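Text of input24.txt (compact mmCIF, C-alpha atoms) as supplied:
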# COMPACT_ATOMS: atom_id res chain seq x y z
CA MET A 1 4.98 -9.78 26.21
CA ALA A 2 5.01 -9.86 30.00
CA GLY A 3 5.14 -6.60 31.83
CA TYR A 4 3.37 -4.48 29.25
CA ALA A 5 0.55 -2.33 30.55
CA HIS A 6 -1.90 -3.62 27.92
CA PRO A 7 -0.43 -6.88 26.61
CA GLU A 8 -3.69 -7.72 24.83
CA VAL A 9 -2.88 -5.17 22.08
CA LEU A 10 0.01 -7.30 20.84
CA VAL A 11 -0.34 -10.62 19.10
CA ASP A 12 2.53 -12.71 17.80
CA THR A 13 2.91 -14.26 14.36
CA ALA A 14 1.89 -17.72 15.64
CA TRP A 15 -1.39 -16.27 16.98
CA VAL A 16 -2.07 -14.73 13.57
CA ALA A 17 -1.30 -18.02 11.83
CA ASP A 18 -3.85 -19.69 14.12
CA HIS A 19 -6.53 -17.07 13.39
CA LEU A 20 -6.28 -16.78 9.59
CA HIS A 21 -9.83 -18.11 9.21
CA ASP A 22 -11.36 -16.56 12.32
CA PRO A 23 -14.35 -14.50 11.13
CA LYS A 24 -14.07 -12.21 14.18
CA VAL A 25 -10.52 -11.24 13.22
CA ARG A 26 -9.55 -9.00 10.32
CA LEU A 27 -5.90 -8.70 9.36
CA VAL A 28 -4.96 -5.31 7.94
CA GLU A 29 -1.65 -4.65 6.18
CA SER A 30 -0.43 -1.03 6.09
CA ASN A 31 2.89 -0.22 4.45
CA GLU A 32 5.03 2.62 3.34
CA ASP A 33 5.28 1.11 -0.15
CA ILE A 34 1.85 1.15 -1.77
CA LEU A 35 2.59 -1.98 -3.87
CA LEU A 36 4.04 -4.18 -1.16
CA TYR A 37 0.68 -5.70 -0.18
CA ASP A 38 -0.02 -6.46 -3.85
CA GLN A 39 3.36 -8.16 -4.18
CA GLY A 40 2.42 -10.58 -1.41
CA HIS A 41 0.56 -10.46 1.91
CA ILE A 42 -0.61 -12.75 4.69
CA PRO A 43 -3.52 -14.87 3.39
CA GLY A 44 -6.81 -13.16 4.18
CA ALA A 45 -5.30 -9.76 4.97
CA VAL A 46 -6.84 -6.60 3.50
CA LYS A 47 -4.88 -3.51 2.53
CA ILE A 48 -5.34 -0.08 4.05
CA ASP A 49 -3.11 2.56 2.51
CA TRP A 50 -2.28 5.63 4.55
CA VAL A 51 -2.55 8.03 1.59
CA ALA A 52 -5.36 6.49 -0.45
CA ASP A 53 -7.55 5.33 2.45
CA LEU A 54 -6.75 7.27 5.63
CA ASN A 55 -5.97 10.79 4.43
CA ASP A 56 -8.51 13.24 3.08
CA PRO A 57 -7.81 13.58 -0.65
CA VAL A 58 -7.86 17.39 -0.59
CA VAL A 59 -7.38 18.89 2.87
CA ARG A 60 -4.40 17.90 5.00
CA ASP A 61 -6.46 15.90 7.48
CA TYR A 62 -7.82 12.42 8.10
CA LEU A 63 -10.94 10.93 6.62
CA ASP A 64 -14.25 11.91 8.24
CA ARG A 65 -16.80 9.69 9.98
CA ALA A 66 -18.75 8.88 6.81
CA ARG A 67 -15.65 7.83 4.85
CA PHE A 68 -14.32 5.82 7.77
CA GLU A 69 -17.59 3.91 7.97
CA GLN A 70 -17.47 3.27 4.21
CA LEU A 71 -13.90 2.00 4.53
CA MET A 72 -14.82 -0.36 7.38
CA ILE A 73 -17.84 -1.70 5.52
CA ALA A 74 -15.82 -2.22 2.34
CA ARG A 75 -13.08 -4.13 4.21
CA GLY A 76 -15.59 -6.34 5.98
CA ILE A 77 -14.90 -4.81 9.40
CA SER A 78 -17.69 -4.42 11.97
CA ASN A 79 -17.66 -2.56 15.28
CA ASP A 80 -16.90 -5.76 17.18
CA THR A 81 -14.19 -7.06 14.80
CA THR A 82 -10.73 -7.68 16.23
CA VAL A 83 -8.50 -5.74 13.84
CA VAL A 84 -4.86 -6.83 13.73
CA PHE A 85 -2.49 -4.46 11.96
CA TYR A 86 0.91 -5.33 10.56
CA GLY A 87 3.24 -3.83 8.00
CA ASP A 88 6.73 -2.97 6.84
CA LYS A 89 9.40 -0.86 8.58
CA HIS A 90 8.94 -2.19 12.12
CA ASN A 91 5.16 -1.75 11.89
CA TRP A 92 5.50 1.98 11.56
CA TRP A 93 2.49 2.42 9.23
CA ALA A 94 0.61 -0.27 11.10
CA THR A 95 0.71 1.81 14.28
CA TYR A 96 -0.27 4.87 12.25
CA ALA A 97 -3.35 3.07 10.93
CA LEU A 98 -4.16 1.85 14.45
CA TRP A 99 -3.93 5.44 15.70
CA VAL A 100 -6.41 6.60 13.02
CA PHE A 101 -8.76 3.74 13.97
CA LYS A 102 -8.56 4.96 17.58
CA LEU A 103 -9.55 8.48 16.47
CA PHE A 104 -12.84 6.79 15.61
CA GLY A 105 -12.85 4.74 18.81
CA HIS A 106 -12.51 1.30 17.25
CA ALA A 107 -12.53 -0.94 20.33
CA ASP A 108 -10.34 -3.94 19.55
CA ALA A 109 -7.28 -2.94 17.53
CA ARG A 110 -3.99 -4.83 17.88
CA ILE A 111 -0.53 -5.03 16.36
CA MET A 112 1.20 -8.17 15.10
CA ASN A 113 4.54 -7.98 16.92
CA GLY A 114 7.43 -8.04 14.47
CA GLY A 115 5.27 -7.08 11.50
CA ARG A 116 5.75 -8.18 7.94
CA ALA A 117 9.49 -8.69 8.33
CA LYS A 118 9.12 -11.28 11.11
CA TRP A 119 6.36 -13.16 9.28
CA ILE A 120 8.62 -13.45 6.22
CA ALA A 121 11.74 -14.25 8.27
CA GLU A 122 9.86 -17.19 9.76
CA GLY A 123 9.17 -18.52 6.29
CA ARG A 124 5.43 -18.15 6.64
CA GLN A 125 3.13 -18.04 3.64
CA LEU A 126 2.36 -14.96 1.53
CA THR A 127 -0.23 -14.73 -1.22
CA ARG A 128 -1.25 -12.31 -3.96
CA GLU A 129 -4.87 -13.34 -3.68
CA VAL A 130 -7.03 -10.41 -2.57
CA PRO A 131 -9.81 -11.67 -0.30
CA THR A 132 -13.40 -10.52 -0.47
CA TYR A 133 -15.54 -10.30 2.62
CA SER A 134 -19.20 -9.59 3.05
CA PRO A 135 -19.73 -5.94 4.01
CA GLY A 136 -19.15 -5.01 7.65
CA VAL A 137 -21.78 -3.41 9.83
CA TYR A 138 -20.25 -0.25 11.16
CA HIS A 139 -21.40 2.85 13.00
CA ALA A 140 -18.60 5.22 13.91
CA PRO A 141 -18.79 8.26 16.17
CA GLU A 142 -17.46 11.59 14.91
CA ARG A 143 -13.66 11.61 14.86
CA ASP A 144 -12.30 12.51 18.32
CA ASP A 145 -9.41 14.92 17.78
CA THR A 146 -9.12 15.84 21.46
CA THR A 147 -7.74 12.78 23.23
CA ILE A 148 -4.85 11.31 21.24
CA ARG A 149 -4.24 14.03 18.65
CA ALA A 150 -2.47 17.37 19.19
CA PHE A 151 -2.55 20.49 17.04
CA ARG A 152 0.03 23.21 16.46
CA ASP A 153 -1.50 25.80 18.79
CA GLN A 154 -1.79 23.21 21.56
CA VAL A 155 1.88 22.36 21.15
CA LEU A 156 2.75 26.05 21.43
CA VAL A 157 0.96 26.17 24.80
CA HIS A 158 2.31 22.75 25.84
CA ILE A 159 5.97 23.76 25.60
CA ARG A 160 5.44 26.63 28.03
CA GLN A 161 3.72 24.54 30.68
CA PRO A 162 5.23 22.56 33.55
CA GLY A 163 4.46 18.87 33.87
CA THR A 164 4.68 18.22 30.16
CA ALA A 165 7.02 16.27 27.92
CA LEU A 166 7.60 16.57 24.21
CA VAL A 167 9.26 13.71 22.34
CA ASP A 168 10.95 14.23 18.99
CA VAL A 169 11.13 10.74 17.50
CA ARG A 170 12.98 11.68 14.31
CA SER A 171 16.60 10.84 13.55
CA PRO A 172 19.37 12.69 15.40
CA GLN A 173 20.20 14.54 12.15
CA GLU A 174 16.69 15.86 11.83
CA TYR A 175 16.60 16.82 15.52
CA SER A 176 19.83 18.80 15.20
CA GLY A 177 18.57 20.56 12.09
CA GLU A 178 21.23 19.15 9.78
CA ARG A 179 18.56 17.44 7.70
CA THR A 180 14.82 17.76 7.18
CA HIS A 181 14.23 14.07 6.49
CA MET A 182 15.80 10.81 7.63
CA PRO A 183 19.16 9.82 6.22
CA GLU A 184 18.69 8.14 2.80
CA TYR A 185 15.36 9.88 2.24
CA PRO A 186 14.78 12.80 -0.12
CA GLN A 187 15.14 16.11 1.65
CA GLU A 188 11.77 17.75 1.43
CA GLY A 189 10.74 21.35 1.35
CA THR A 190 10.71 22.20 5.03
CA LEU A 191 12.04 25.71 5.30
CA ARG A 192 13.72 25.38 8.69
CA GLY A 193 15.59 22.53 10.31
CA GLY A 194 15.81 21.84 14.04
CA HIS A 195 13.33 20.83 16.70
CA ILE A 196 10.50 22.25 18.78
CA PRO A 197 11.87 23.90 21.95
CA THR A 198 11.89 21.62 25.04
CA ALA A 199 11.64 18.44 22.89
CA VAL A 200 13.87 15.53 23.84
CA SER A 201 15.26 13.25 21.13
CA ILE A 202 14.24 9.58 21.35
CA PRO A 203 14.28 8.10 17.82
CA TRP A 204 11.19 5.95 17.30
CA ALA A 205 13.02 2.77 16.27
CA SER A 206 14.86 2.70 19.62
CA ALA A 207 11.70 0.96 20.83
CA VAL A 208 12.20 -2.18 18.71
CA HIS A 209 14.72 -4.99 18.34
CA ASP A 210 16.41 -5.81 15.03
CA ASP A 211 13.69 -8.38 14.30
CA SER A 212 11.08 -5.58 14.55
CA THR A 213 9.55 -6.87 17.80
CA PHE A 214 9.10 -4.40 20.64
CA LYS A 215 11.67 -4.21 23.41
CA SER A 216 10.70 -5.40 26.88
CA ALA A 217 8.69 -3.21 29.23
CA ASP A 218 11.76 -2.66 31.42
CA GLU A 219 13.92 -1.62 28.49
CA LEU A 220 11.22 0.73 27.22
CA ARG A 221 10.64 2.27 30.64
CA ALA A 222 14.35 2.95 30.98
CA LEU A 223 14.51 4.41 27.49
CA TYR A 224 11.78 7.00 28.02
CA ALA A 225 12.20 7.70 31.75
CA GLY A 226 15.91 8.21 31.04
CA LYS A 227 14.90 11.34 29.13
CA ASN A 228 12.32 12.43 31.69
CA VAL A 229 9.39 11.21 29.66
CA THR A 230 7.47 9.73 32.57
CA PRO A 231 3.85 8.58 33.07
CA ASP A 232 2.94 11.51 35.33
CA LYS A 233 3.41 13.93 32.43
CA ASP A 234 1.21 15.18 29.64
CA VAL A 235 3.15 13.82 26.65
CA ILE A 236 3.12 14.80 22.99
CA SER A 237 5.15 13.01 20.32
CA TYR A 238 5.95 14.29 16.85
CA CYS A 239 8.05 13.47 13.81
CA ARG A 240 7.71 14.74 10.24
CA ILE A 241 4.11 13.94 9.32
CA GLY A 242 2.95 11.98 12.37
CA GLU A 243 3.76 8.47 11.13
CA ARG A 244 6.87 7.59 13.12
CA SER A 245 5.43 9.36 16.17
CA SER A 246 2.32 7.19 16.12
CA HIS A 247 4.70 4.28 16.72
CA THR A 248 6.01 6.04 19.86
CA TRP A 249 2.44 7.00 20.82
CA PHE A 250 1.56 3.28 20.65
CA VAL A 251 4.53 2.27 22.80
CA LEU A 252 3.87 4.89 25.48
CA SER A 253 0.08 4.42 25.57
CA TYR A 254 -0.28 0.65 25.29
CA LEU A 255 3.00 -0.98 26.20
CA LEU A 256 3.88 1.38 29.07
CA GLY A 257 0.37 2.57 29.95
CA TYR A 258 1.06 6.30 30.07
CA PRO A 259 -2.37 7.89 30.63
CA LYS A 260 -1.99 11.03 28.52
CA VAL A 261 -0.16 10.79 25.20
CA ARG A 262 -1.03 12.67 22.06
CA ASN A 263 0.43 12.52 18.56
CA TYR A 264 1.11 15.87 16.84
CA ASP A 265 0.53 14.80 13.24
CA GLY A 266 1.23 18.26 11.83
CA SER A 267 4.76 17.55 13.06
CA TRP A 268 7.86 19.02 11.48
CA THR A 269 6.37 19.58 8.02
CA GLU A 270 3.97 22.03 9.70
CA TRP A 271 6.18 23.41 12.50
CA GLY A 272 9.29 23.81 10.33
CA ASN A 273 7.28 25.80 7.79
CA GLY A 274 5.21 27.85 10.26
CA VAL A 275 5.89 31.57 10.26
CA GLY A 276 7.22 32.81 13.61
CA LEU A 277 7.11 29.49 15.45
CA PRO A 278 10.00 29.02 17.87
CA ILE A 279 12.70 26.52 16.92
CA GLU A 280 15.83 25.25 18.62
CA LYS A 281 18.86 23.74 17.00
CA MET B 1 -2.69 15.68 -17.72
CA SER B 2 0.75 16.71 -18.94
CA GLU B 3 1.61 15.89 -22.55
CA ILE B 4 4.16 13.21 -23.31
CA PRO B 5 7.46 14.91 -24.14
CA ALA B 6 8.31 14.35 -27.81
CA SER B 7 12.01 13.92 -27.01
CA LEU B 8 11.56 10.58 -25.19
CA PRO B 9 13.19 7.49 -26.69
CA PRO B 10 10.46 5.49 -28.52
CA ARG B 11 10.23 2.68 -25.96
CA LEU B 12 9.99 5.03 -23.01
CA HIS B 13 7.41 7.05 -24.95
CA ALA B 14 5.33 3.90 -25.41
CA ILE B 15 5.58 3.03 -21.70
CA VAL B 16 4.50 6.53 -20.68
CA ALA B 17 1.55 6.32 -23.08
CA GLU B 18 0.60 2.92 -21.62
CA PHE B 19 0.46 4.42 -18.11
CA GLN B 20 -1.34 7.54 -19.32
CA ALA B 21 -4.14 5.42 -20.82
CA ALA B 22 -4.55 3.37 -17.64
CA ASN B 23 -7.02 4.22 -14.89
CA ARG B 24 -6.08 4.56 -11.22
CA SER B 25 -6.01 0.92 -10.27
CA GLU B 26 -4.57 -0.17 -13.61
CA LYS B 27 -1.64 2.21 -13.09
CA LEU B 28 -0.74 0.40 -9.87
CA GLU B 29 -1.18 -2.99 -11.52
CA LEU B 30 1.09 -1.90 -14.36
CA LEU B 31 3.72 -0.65 -11.94
CA LEU B 32 3.64 -3.99 -10.12
CA GLU B 33 4.02 -5.82 -13.45
CA TYR B 34 7.13 -3.78 -14.15
CA ALA B 35 8.43 -4.44 -10.62
CA ASP B 36 7.93 -8.16 -11.19
CA ARG B 37 10.03 -8.21 -14.31
CA LEU B 38 13.02 -6.20 -13.13
CA PRO B 39 15.76 -8.66 -14.05
CA PRO B 40 18.30 -9.76 -11.47
CA LEU B 41 21.77 -8.27 -11.81
CA PRO B 42 24.12 -10.05 -14.25
CA ASP B 43 26.72 -12.20 -12.52
CA TRP B 44 29.58 -9.76 -13.02
CA LEU B 45 27.68 -7.12 -11.04
CA ARG B 46 26.04 -9.34 -8.46
CA ASP B 47 29.38 -9.97 -6.80
CA ASN B 48 30.48 -6.36 -7.14
CA ARG B 49 27.56 -4.36 -5.80
CA ALA B 50 29.97 -2.00 -4.05
CA ASP B 51 31.24 -0.86 -7.46
CA MET B 52 27.78 0.28 -8.52
CA GLU B 53 26.51 3.81 -8.21
CA GLN B 54 24.32 4.14 -5.13
CA VAL B 55 21.27 6.34 -5.48
CA HIS B 56 21.60 8.04 -2.10
CA GLU B 57 18.46 10.12 -2.24
CA CYS B 58 16.23 7.11 -2.65
CA MET B 59 14.36 5.87 0.42
CA THR B 60 15.39 2.30 -0.35
CA PRO B 61 18.82 0.98 -1.21
CA VAL B 62 19.14 1.36 -4.98
CA ARG B 63 22.23 0.75 -7.08
CA ALA B 64 22.73 1.38 -10.77
CA ALA B 65 25.39 0.59 -13.36
CA ALA B 66 25.60 1.02 -17.14
CA GLU B 67 27.21 -0.75 -20.07
CA VAL B 68 27.76 0.87 -23.45
CA HIS B 69 27.81 -1.28 -26.59
CA GLY B 70 28.27 0.41 -29.96
CA GLY B 71 27.25 3.76 -28.50
CA ARG B 72 24.03 2.39 -26.99
CA MET B 73 23.33 2.09 -23.29
CA VAL B 74 22.13 -0.82 -21.18
CA PHE B 75 21.33 -0.13 -17.55
CA HIS B 76 21.45 -2.55 -14.62
CA ILE B 77 19.51 -1.55 -11.53
CA ASP B 78 19.37 -3.30 -8.18
CA VAL B 79 16.45 -2.58 -5.83
CA ALA B 80 15.39 -4.40 -2.66
CA GLU B 81 12.54 -6.91 -3.00
CA GLU B 82 10.60 -5.09 -0.29
CA SER B 83 10.35 -1.89 -2.39
CA PRO B 84 8.14 -2.78 -5.34
CA THR B 85 7.29 0.82 -6.18
CA VAL B 86 10.93 1.73 -6.72
CA ARG B 87 11.50 -1.62 -8.47
CA GLY B 88 8.70 -0.63 -10.84
CA TYR B 89 10.36 2.72 -11.58
CA ALA B 90 13.67 0.97 -12.14
CA ALA B 91 12.17 -1.60 -14.52
CA LEU B 92 10.28 0.92 -16.62
CA LEU B 93 13.32 3.18 -16.93
CA ARG B 94 15.55 0.22 -17.71
CA GLU B 95 13.21 -1.04 -20.43
CA GLY B 96 12.40 2.41 -21.74
CA LEU B 97 16.05 3.40 -22.06
CA ASP B 98 17.41 0.08 -23.29
CA GLY B 99 19.56 0.76 -26.34
CA ALA B 100 19.24 4.54 -26.14
CA THR B 101 22.25 6.73 -26.83
CA PRO B 102 23.72 8.69 -23.90
CA GLU B 103 22.54 11.87 -25.62
CA ALA B 104 18.96 10.57 -25.72
CA VAL B 105 19.12 9.69 -22.01
CA LEU B 106 20.38 13.16 -21.17
CA ALA B 107 17.60 14.76 -23.25
CA ILE B 108 14.80 13.24 -21.13
CA PRO B 109 12.99 16.00 -19.24
CA GLY B 110 13.31 15.46 -15.48
CA ASP B 111 9.52 15.75 -15.12
CA PHE B 112 8.63 13.34 -17.95
CA PHE B 113 6.77 11.04 -15.53
CA TYR B 114 3.97 13.52 -14.86
CA ALA B 115 2.49 12.44 -18.20
CA MET B 116 2.06 8.95 -16.73
CA GLY B 117 -0.39 10.35 -14.18
CA LEU B 118 1.24 8.52 -11.28
CA GLN B 119 0.71 11.58 -9.10
CA GLN B 120 -2.97 10.54 -9.01
CA VAL B 121 -2.09 7.39 -7.10
CA LEU B 122 1.22 8.10 -5.38
CA SER B 123 2.05 10.73 -2.77
CA PRO B 124 4.83 13.20 -3.62
CA GLN B 125 7.23 11.28 -1.35
CA ARG B 126 6.51 8.08 -3.22
CA LEU B 127 6.93 9.83 -6.54
CA ASN B 128 10.34 11.29 -5.65
CA GLY B 129 12.18 8.04 -6.27
CA ILE B 130 11.65 8.11 -10.01
CA SER B 131 13.25 11.53 -10.49
CA TYR B 132 16.26 10.60 -8.34
CA LEU B 133 16.67 7.37 -10.26
CA LEU B 134 16.55 9.20 -13.60
CA ALA B 135 19.10 11.72 -12.32
CA TYR B 136 21.50 8.86 -11.51
CA LEU B 137 21.01 7.20 -14.90
CA LYS B 138 21.79 10.57 -16.46
CA ARG B 139 24.97 10.74 -14.42
CA LEU B 140 25.95 7.35 -15.85
CA ALA B 141 25.15 8.65 -19.36
CA THR B 142 27.33 11.71 -18.78
CA ARG B 143 30.14 9.41 -17.73
CA ALA B 144 29.67 7.31 -20.85
CA LEU B 145 29.95 10.44 -23.00
CA ALA B 146 33.09 11.58 -21.19
CA HIS B 147 34.57 8.13 -21.64
CA ARG B 148 33.85 8.24 -25.37
CA GLY B 149 35.45 11.67 -25.66
CA ALA B 150 38.56 10.58 -23.79
Can the structure from this file be put into structure tokens for me?
Amino acid sequence: MAGYAHPEVLVDTAWVADHLHDPKVRLVESNEDILLYDQGHIPGAVKIDWVADLNDPVVRDYLDRARFEQLMIARGISNDTTVVFYGDKHNWWATYALWVFKLFGHADARIMNGGRAKWIAEGRQLTREVPTYSPGVYHAPERDDTTIRAFRDQVLVHIRQPGTALVDVRSPQEYSGERTHMPEYPQEGTLRGGHIPTAVSIPWASAVHDDSTFKSADELRALYAGKNVTPDKDVISYCRIGERSSHTWFVLSYLLGYPKVRNYDGSWTEWGNGVGLPIEK
Amino acid sequence: MSEIPASLPPRLHAIVAEFQAANRSEKLELLLEYADRLPPLPDWLRDNRADMEQVHECMTPVRAAAEVHGGRMVFHIDVAEESPTVRGYAALLREGLDGATPEAVLAIPGDFFYAMGLQQVLSPQRLNGISYLLAYLKRLATRALAHRGA
């Protein structure tokens, strides 16, 4: 993990195995498949589901301060807990959950490098036993939507300003407008295909190896700088609903140390349906 | 909650009713129980996965095949271990349609699953898999009918 700007945000599977009973550490599994945790998880891990736990049940938005505090208390997480996220699909939902935790300023949030796939590939133990923890003590600030989150109108201004970069992390087929969802996924009701003008295409999973661990700092720097996404710029990433782009947000912010990176969670399902918004193919 | 369509084969009807009666967390537990008991492919298919129909629209690799014995259908469905939700859909469709005639399979309304109330616990993306899977099983039923006619 040498060379990363903030290497402390990554832990490896061996570190997790050594901290399974550490009361200051809470393991959190976040997956695309809502039943995967229930089918088997790392002993002691709790489940946080992006739909059931992190999204508002009615409005398209994230949970508010009060619900975030309730969630932390229920999962036995306190303000000073080290939260280690891991999950399926190269940790894609794990980085999404970490991003939501950062909206509420949770101090010590990390990712288990390689995620669920690496833990299993190494033959490490899984369990179906759901742990119970005594309630956490948690006081969260109001959600900060200004620092790491971008909204549609801000993106509209962003693409007309110098010194900015916009990263489309979806598949090449979605970027070109041929599809509105990744290959193999159901095509959803986005009315227009294509990408936001000025966006460069750097698919999110280019940042990881086949074993789901992150590429080296040098490889990552070359990947993003090669498309003019450099640390001097004000950077916004987007995908379809903000999940894959939180993975890229994590890489740019923590592994490469870019100072200003925001995730546009409205992403293509908002932009591709917005009346009058400019699109390129 | 939507009503259970009367045209469902009896076993599928019973499964839908079982889900309908379950509360939020019980629905997920039930789905996991189904996922757990999706049987492995029979030997003759395990070595011939390429011959099976691939459900392209599904977000996980899913393959399906059908056998017809005395005019009644038996489905075989292969879903990755790491996709328990889709395995659950596959198992409940497989059990619910076991021994149904091709006509009965084709008569299942494409939105039958709303009566199960899964939309209370699964996002629309997660719910999509079940309709795609049913559409592929119907394609296999159509093929069985054509085969019978030929």
Interface residues on chain B facing chain A, 10 Å, all atoms listed in the file, written as a PDB file with C-alpha atoms, in the frame of the given file:
ATOM      1  CA  LEU B  28      -0.740   0.400  -9.870  1.00  0.00           C
ATOM      2  CA  GLU B  29      -1.180  -2.990 -11.520  1.00  0.00           C
ATOM      3  CA  LEU B  31       3.720  -0.650 -11.940  1.00  0.00           C
ATOM      4  CA  LEU B  32       3.640  -3.990 -10.120  1.00  0.00           C
ATOM      5  CA  GLU B  33       4.020  -5.820 -13.450  1.00  0.00           C
ATOM      6  CA  ALA B  35       8.430  -4.440 -10.620  1.00  0.00           C
ATOM      7  CA  ASP B  36       7.930  -8.160 -11.190  1.00  0.00           C
ATOM      8  CA  VAL B  55      21.270   6.340  -5.480  1.00  0.00           C
ATOM      9  CA  HIS B  56      21.600   8.040  -2.100  1.00  0.00           C
ATOM     10  CA  GLU B  57      18.460  10.120  -2.240  1.00  0.00           C
ATOM     11  CA  CYS B  58      16.230   7.110  -2.650  1.00  0.00           C
ATOM     12  CA  MET B  59      14.360   5.870   0.420  1.00  0.00           C
ATOM     13  CA  THR B  60      15.390   2.300  -0.350  1.00  0.00           C
ATOM     14  CA  PRO B  61      18.820   0.980  -1.210  1.00  0.00           C
ATOM     15  CA  GLU B  81      12.540  -6.910  -3.000  1.00  0.00           C
ATOM     16  CA  GLU B  82      10.600  -5.090  -0.290  1.00  0.00           C
ATOM     17  CA  SER B  83      10.350  -1.890  -2.390  1.00  0.00           C
ATOM     18  CA  PRO B  84       8.140  -2.780  -5.340  1.00  0.00           C
ATOM     19  CA  THR B  85       7.290   0.820  -6.180  1.00  0.00           C
ATOM     20  CA  VAL B  86      10.930   1.730  -6.720  1.00  0.00           C
ATOM     21  CA  GLY B  88       8.700  -0.630 -10.840  1.00  0.00           C
ATOM     22  CA  GLN B 120      -2.970  10.540  -9.010  1.00  0.00           C
ATOM     23  CA  VAL B 121      -2.090   7.390  -7.100  1.00  0.00           C
ATOM     24  CA  LEU B 122       1.220   8.100  -5.380  1.00  0.00           C
ATOM     25  CA  SER B 123       2.050  10.730  -2.770  1.00  0.00           C
ATOM     26  CA  PRO B 124       4.830  13.200  -3.620  1.00  0.00           C
ATOM     27  CA  GLN B 125       7.230  11.280  -1.350  1.00  0.00           C
ATOM     28  CA  ARG B 126       6.510   8.080  -3.220  1.00  0.00           C
ATOM     29  CA  ASN B 128      10.340  11.290  -5.650  1.00  0.00           C
ATOM     30  CA  GLY B 129      12.180   8.040  -6.270  1.00  0.00           C
ATOM     31  CA  TYR B 132      16.260  10.600  -8.340  1.00  0.00           C
TER      32      TYR B 132
END
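Of note, atom CA of Arg152 of chain A and atom CA of Trp268 of chain A are spaced 10.2 Å apart.
Distance-wise, atom CA of Leu63 of chain A and atom CA of Gly257 of chain A end up 27.2 Å apart.
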Worksheet item: Residues at most 6 Å from segment 111-114 of chain A, counting only C-alpha atoms, excluding those fewer than 4 positions away in the same chain, as a ChimeraX atom specification?
Response: /A:10-12,84-86,118,212-213
Practice prompt. Would you kindly identify which residues have an atom no farther than 12 Å from (-20.8, -10.7, 1.3), using all atoms listed in the file and the file's own coordinates, and write them out as a ChimeraX atom specification?
Written response: /A:73-77,131-137
Worksheet entry | Near-Leu252 of chain A list (10 Å; only C-alpha atoms; drop same-chain fewer than 6 positions) as number ranges by chain | A: 5, 207, 220-221, 224, 229-231, 235, 237, 246, 258-262
Work out where the centre of an axis-aligned box around every listed atom of segment 41-60 of chain A lies and how long its edges are once 6 Å is added on each side; give both in Å to one decimal as lines of an AutoDock Vina configuration file.
center_x = -4.0
center_y = 2.0
center_z = 2.5
size_x = 21.1
size_y = 45.8
size_z = 18.3
